[in-house]
Each structure stands twice: as C-alpha cells, then as structure tokens.
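Q: This is the structure, below, for whatever I ask next.
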Amino acid sequence: SSCSGVGQGVPPDAVCRFCSGQGIQSERKVLTVKIPAGVHDGQHILLNGEGDSLPGRRAGDVVCVVDVARHPRFQRIRDDLATSAEITLTEALAGCSVQVEHLDGRRLALRSRPGQVIKPGSLWRVRGEGMPVFTQGQARGDLLVQFSIIFPDRVDTGVAENLAALLGRAALDHSERARDAAQLEQRYLEAVDEPQHGHHSRL
C-alpha cells in the first residue's frame, strides 16, 4: 500500500485483514464493575487501562457513572436512610413498636422509650442503621423514621372526659359550661371532604 510519506510501504497482500493496516481494531469486551458499599448517585468508578489504546501509547480508562435506583420504601439522605411509619394515637401516647424490613433483609423492631410521646410528622432516628459510609469501613449513617398518627373518627364522651383529665386539662363543670355557652356563639366543626376541597390543602 501507499507509504503515506514515511518512505516504506506494505504490499497489499501483506496488509492485516483485521486492522486494514491501521494497527488498531475494534473489539467488544464485557467489563465487570465492582460497586463498593456506600457509593453515591453520580459517583465515578474508574477502570484503569480498559479504554481505547493506540500503538505505543498507554491504554485509556473507562469511567463508570453510578445511577442509584429509587427504592419504594426508603429515601437516601447523604449517608442516612429515611422511611415513614403509621401508628395509632394510643401508640403515639403510650409507646409503640414498629417493624421495618431493612435493605439487607433484616427485620428491625423499632420501639419508643417509656414516657416518650410521638407527635404527628415528627422525625426519629436509629443510630448506625443507615447506609454504609463510603470508604470508611464499618461506619454507617442513621435510619430516620417519620411518623404519621392515625386518629380515631370518634371518641366516646366518657373516654374524652377521662383523656382530658389524664392529659392535664380538667373537664369543665356544668355551671361553667352553661356560663360559657351564654357568652359565646356555638358552632360545630364539620370534616372537609378532601377530594372535593383539595384547594384547602395548601392552607
């Protein structure tokens, strides 16, 4: 073939049929990428020497970009894992035990301590049960649990009176109720049907 200005050529019948005399050829190669524990979304993993190579030059590298899939029950916040749980009003006031299946298949029983009150929307943590911390051995983040409280639709009058007394709000006696009733315009609250009044959810 033509010498292309280098002063020497290769006979056509001696030209490599794989690279067509270019000294390089394409090949398909399956690479195995080891994903280390605790890797973050968008993080780069470098495979040294697995990229393109030219004669007389060092082979390039392959850069893998990690895309972490969403999980149906957990959300990652840096090295912490966040999830949600529903408990009853009784459990919120008197103590609860919530079962959570972890990412590794372990089943955890998360308990509140005696005397603790769990408020609606409050966030609680379990230390050391989050994600592995990247390149830091056995270190782990925390598991965060946000609670929603299931309230009963109705409470019996007697139960309501007992609850008011137990929670430190003494029930009004009949004479005080009558005096207040004479001074105030009484109105009763009604539950709002959320699907029909969705615009009120922004209040």
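We name chains A, B, ... following the order of the structure tokens; residues begin at 1 in each chain, and ligands are numbered from 1 as shown.
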List every residue of range 86-149 of chain A that DSSP, applied to the backbone of this structure, assigns to strand (DSSP E or B), and report them as a VMD selection string.

A: chain A and resid 86 to 88 97 to 101 107 to 111 123 to 126 132 140 143 to 149

Q: Using N, CA and C atoms, can you write the selected residues to a file as a PDB file, in the first residue's frame?

A:
ATOM      1  N   GLU A  86     -46.771   4.470  60.093  1.00  0.00           N
ATOM      2  CA  GLU A  86     -48.048   4.889  60.679  1.00  0.00           C
ATOM      3  C   GLU A  86     -48.262   4.173  61.999  1.00  0.00           C
ATOM      4  N   ILE A  87     -48.699   4.926  63.003  1.00  0.00           N
ATOM      5  CA  ILE A  87     -49.050   4.337  64.291  1.00  0.00           C
ATOM      6  C   ILE A  87     -50.367   4.935  64.766  1.00  0.00           C
ATOM      7  N   THR A  88     -51.009   4.263  65.701  1.00  0.00           N
ATOM      8  CA  THR A  88     -52.264   4.761  66.241  1.00  0.00           C
ATOM      9  C   THR A  88     -51.997   5.844  67.280  1.00  0.00           C
ATOM     10  N   SER A  97     -44.175  -0.069  68.888  1.00  0.00           N
ATOM     11  CA  SER A  97     -43.154  -0.945  68.339  1.00  0.00           C
ATOM     12  C   SER A  97     -43.479  -1.133  66.859  1.00  0.00           C
ATOM     13  N   VAL A  98     -42.599  -0.646  66.007  1.00  0.00           N
ATOM     14  CA  VAL A  98     -42.821  -0.662  64.566  1.00  0.00           C
ATOM     15  C   VAL A  98     -41.808  -1.593  63.917  1.00  0.00           C
ATOM     16  N   GLN A  99     -42.283  -2.493  63.068  1.00  0.00           N
ATOM     17  CA  GLN A  99     -41.383  -3.405  62.362  1.00  0.00           C
ATOM     18  C   GLN A  99     -40.999  -2.811  61.005  1.00  0.00           C
ATOM     19  N   VAL A 100     -39.706  -2.825  60.728  1.00  0.00           N
ATOM     20  CA  VAL A 100     -39.180  -2.305  59.464  1.00  0.00           C
ATOM     21  C   VAL A 100     -38.243  -3.344  58.866  1.00  0.00           C
ATOM     22  N   GLU A 101     -38.483  -3.705  57.617  1.00  0.00           N
ATOM     23  CA  GLU A 101     -37.559  -4.603  56.918  1.00  0.00           C
ATOM     24  C   GLU A 101     -36.466  -3.770  56.268  1.00  0.00           C
ATOM     25  N   ARG A 107     -35.105  -7.751  59.817  1.00  0.00           N
ATOM     26  CA  ARG A 107     -36.344  -7.148  60.309  1.00  0.00           C
ATOM     27  C   ARG A 107     -36.053  -6.499  61.663  1.00  0.00           C
ATOM     28  N   LEU A 108     -36.267  -5.189  61.724  1.00  0.00           N
ATOM     29  CA  LEU A 108     -35.982  -4.425  62.933  1.00  0.00           C
ATOM     30  C   LEU A 108     -37.280  -4.095  63.653  1.00  0.00           C
ATOM     31  N   ALA A 109     -37.268  -4.221  64.977  1.00  0.00           N
ATOM     32  CA  ALA A 109     -38.382  -3.777  65.813  1.00  0.00           C
ATOM     33  C   ALA A 109     -37.971  -2.447  66.440  1.00  0.00           C
ATOM     34  N   LEU A 110     -38.567  -1.362  65.982  1.00  0.00           N
ATOM     35  CA  LEU A 110     -38.215  -0.025  66.455  1.00  0.00           C
ATOM     36  C   LEU A 110     -39.202   0.370  67.558  1.00  0.00           C
ATOM     37  N   ARG A 111     -38.695   0.603  68.749  1.00  0.00           N
ATOM     38  CA  ARG A 111     -39.547   0.875  69.910  1.00  0.00           C
ATOM     39  C   ARG A 111     -39.280   2.274  70.455  1.00  0.00           C
ATOM     40  N   LEU A 123     -39.768  13.377  63.406  1.00  0.00           N
ATOM     41  CA  LEU A 123     -38.721  12.544  62.823  1.00  0.00           C
ATOM     42  C   LEU A 123     -37.880  11.946  63.948  1.00  0.00           C
ATOM     43  N   TRP A 124     -37.709  10.621  63.907  1.00  0.00           N
ATOM     44  CA  TRP A 124     -36.939   9.903  64.925  1.00  0.00           C
ATOM     45  C   TRP A 124     -35.818   9.145  64.236  1.00  0.00           C
ATOM     46  N   ARG A 125     -34.742   8.873  64.977  1.00  0.00           N
ATOM     47  CA  ARG A 125     -33.596   8.220  64.372  1.00  0.00           C
ATOM     48  C   ARG A 125     -33.187   6.963  65.135  1.00  0.00           C
ATOM     49  N   VAL A 126     -32.604   6.015  64.390  1.00  0.00           N
ATOM     50  CA  VAL A 126     -31.953   4.839  64.967  1.00  0.00           C
ATOM     51  C   VAL A 126     -30.507   4.912  64.505  1.00  0.00           C
ATOM     52  N   PRO A 132     -23.971   2.356  54.546  1.00  0.00           N
ATOM     53  CA  PRO A 132     -22.530   2.323  54.828  1.00  0.00           C
ATOM     54  C   PRO A 132     -21.891   3.629  54.348  1.00  0.00           C
ATOM     55  N   ARG A 140     -21.543   3.646  59.558  1.00  0.00           N
ATOM     56  CA  ARG A 140     -22.840   3.729  58.884  1.00  0.00           C
ATOM     57  C   ARG A 140     -23.556   4.992  59.324  1.00  0.00           C
ATOM     58  N   LEU A 143     -30.778   5.564  60.532  1.00  0.00           N
ATOM     59  CA  LEU A 143     -32.103   5.304  59.963  1.00  0.00           C
ATOM     60  C   LEU A 143     -33.060   6.342  60.532  1.00  0.00           C
ATOM     61  N   LEU A 144     -33.726   7.092  59.664  1.00  0.00           N
ATOM     62  CA  LEU A 144     -34.673   8.127  60.069  1.00  0.00           C
ATOM     63  C   LEU A 144     -36.089   7.656  59.787  1.00  0.00           C
ATOM     64  N   VAL A 145     -36.976   7.810  60.765  1.00  0.00           N
ATOM     65  CA  VAL A 145     -38.372   7.384  60.619  1.00  0.00           C
ATOM     66  C   VAL A 145     -39.275   8.573  60.902  1.00  0.00           C
ATOM     67  N   GLN A 146     -40.112   8.914  59.928  1.00  0.00           N
ATOM     68  CA  GLN A 146     -41.101   9.985  60.128  1.00  0.00           C
ATOM     69  C   GLN A 146     -42.467   9.344  60.373  1.00  0.00           C
ATOM     70  N   PHE A 147     -43.105   9.757  61.463  1.00  0.00           N
ATOM     71  CA  PHE A 147     -44.342   9.110  61.891  1.00  0.00           C
ATOM     72  C   PHE A 147     -45.563   9.933  61.495  1.00  0.00           C
ATOM     73  N   SER A 148     -46.573   9.230  61.041  1.00  0.00           N
ATOM     74  CA  SER A 148     -47.908   9.812  60.900  1.00  0.00           C
ATOM     75  C   SER A 148     -48.827   9.084  61.875  1.00  0.00           C
ATOM     76  N   ILE A 149     -49.747   9.837  62.463  1.00  0.00           N
ATOM     77  CA  ILE A 149     -50.600   9.305  63.521  1.00  0.00           C
ATOM     78  C   ILE A 149     -52.009   9.067  62.978  1.00  0.00           C
TER      79      ILE A 149
END

Q: Using only C-alpha atoms, pick whichever of A:Leu46, A:Leu54, A:Val133, A:Ile35 has the shortest atom-to-atom distance to Ile77 in chain A.

A: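 Once distances to Ile77 in chain A are computed over only C-alpha atoms, the minimum belongs to A:Val133.
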
Q: Check range 46-147 of chain A with DSSP on the backbone and list each residue it calls helix (DSSP H, G or I), as an MDAnalysis selection string.

A: chainID A and resid 89:94

Q: For the selection just defined, write its residues with all heavy atoms to a file, as a PDB file, in the first residue's frame.

A:
ATOM      1  N   LEU A  89     -53.054   6.568  67.637  1.00  0.00           N
ATOM      2  CA  LEU A  89     -52.941   7.603  68.664  1.00  0.00           C
ATOM      3  C   LEU A  89     -52.517   6.981  69.992  1.00  0.00           C
ATOM      4  O   LEU A  89     -51.705   7.552  70.727  1.00  0.00           O
ATOM      5  CB  LEU A  89     -54.268   8.341  68.813  1.00  0.00           C
ATOM      6  CG  LEU A  89     -54.328   9.441  69.870  1.00  0.00           C
ATOM      7  CD1 LEU A  89     -53.275  10.512  69.617  1.00  0.00           C
ATOM      8  CD2 LEU A  89     -55.728  10.063  69.930  1.00  0.00           C
ATOM      9  N   THR A  90     -53.059   5.804  70.293  1.00  0.00           N
ATOM     10  CA  THR A  90     -52.675   5.115  71.530  1.00  0.00           C
ATOM     11  C   THR A  90     -51.182   4.809  71.542  1.00  0.00           C
ATOM     12  O   THR A  90     -50.494   5.021  72.545  1.00  0.00           O
ATOM     13  CB  THR A  90     -53.469   3.805  71.681  1.00  0.00           C
ATOM     14  OG1 THR A  90     -54.871   4.106  71.695  1.00  0.00           O
ATOM     15  CG2 THR A  90     -53.096   3.086  72.962  1.00  0.00           C
ATOM     16  N   GLU A  91     -50.670   4.327  70.418  1.00  0.00           N
ATOM     17  CA  GLU A  91     -49.237   4.024  70.337  1.00  0.00           C
ATOM     18  C   GLU A  91     -48.397   5.291  70.451  1.00  0.00           C
ATOM     19  O   GLU A  91     -47.316   5.287  71.044  1.00  0.00           O
ATOM     20  CB  GLU A  91     -48.933   3.310  69.025  1.00  0.00           C
ATOM     21  CG  GLU A  91     -49.484   1.896  68.938  1.00  0.00           C
ATOM     22  CD  GLU A  91     -49.280   1.286  67.572  1.00  0.00           C
ATOM     23  OE1 GLU A  91     -49.577   1.963  66.564  1.00  0.00           O
ATOM     24  OE2 GLU A  91     -48.810   0.139  67.512  1.00  0.00           O
ATOM     25  N   ALA A  92     -48.885   6.385  69.878  1.00  0.00           N
ATOM     26  CA  ALA A  92     -48.148   7.643  69.945  1.00  0.00           C
ATOM     27  C   ALA A  92     -48.021   8.143  71.372  1.00  0.00           C
ATOM     28  O   ALA A  92     -46.995   8.727  71.753  1.00  0.00           O
ATOM     29  CB  ALA A  92     -48.837   8.695  69.079  1.00  0.00           C
ATOM     30  N   LEU A  93     -49.046   7.893  72.200  1.00  0.00           N
ATOM     31  CA  LEU A  93     -49.050   8.391  73.575  1.00  0.00           C
ATOM     32  C   LEU A  93     -48.464   7.389  74.569  1.00  0.00           C
ATOM     33  O   LEU A  93     -47.820   7.781  75.552  1.00  0.00           O
ATOM     34  CB  LEU A  93     -50.480   8.738  73.996  1.00  0.00           C
ATOM     35  CG  LEU A  93     -51.169   9.862  73.207  1.00  0.00           C
ATOM     36  CD1 LEU A  93     -52.612   9.995  73.642  1.00  0.00           C
ATOM     37  CD2 LEU A  93     -50.427  11.176  73.383  1.00  0.00           C
ATOM     38  N   ALA A  94     -48.706   6.097  74.322  1.00  0.00           N
ATOM     39  CA  ALA A  94     -48.354   5.086  75.320  1.00  0.00           C
ATOM     40  C   ALA A  94     -47.167   4.215  74.927  1.00  0.00           C
ATOM     41  O   ALA A  94     -46.779   3.331  75.679  1.00  0.00           O
ATOM     42  CB  ALA A  94     -49.569   4.193  75.597  1.00  0.00           C
TER      43      ALA A  94
END

Q: Which residue is closest to Gly141 in chain A? Choose from A:Glu50, A:Glu27, A:Asp156, A:Asp80 and count only C-alpha atoms.

A: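 Of all the options, A:Asp80 lies closest to Gly141 in chain A.
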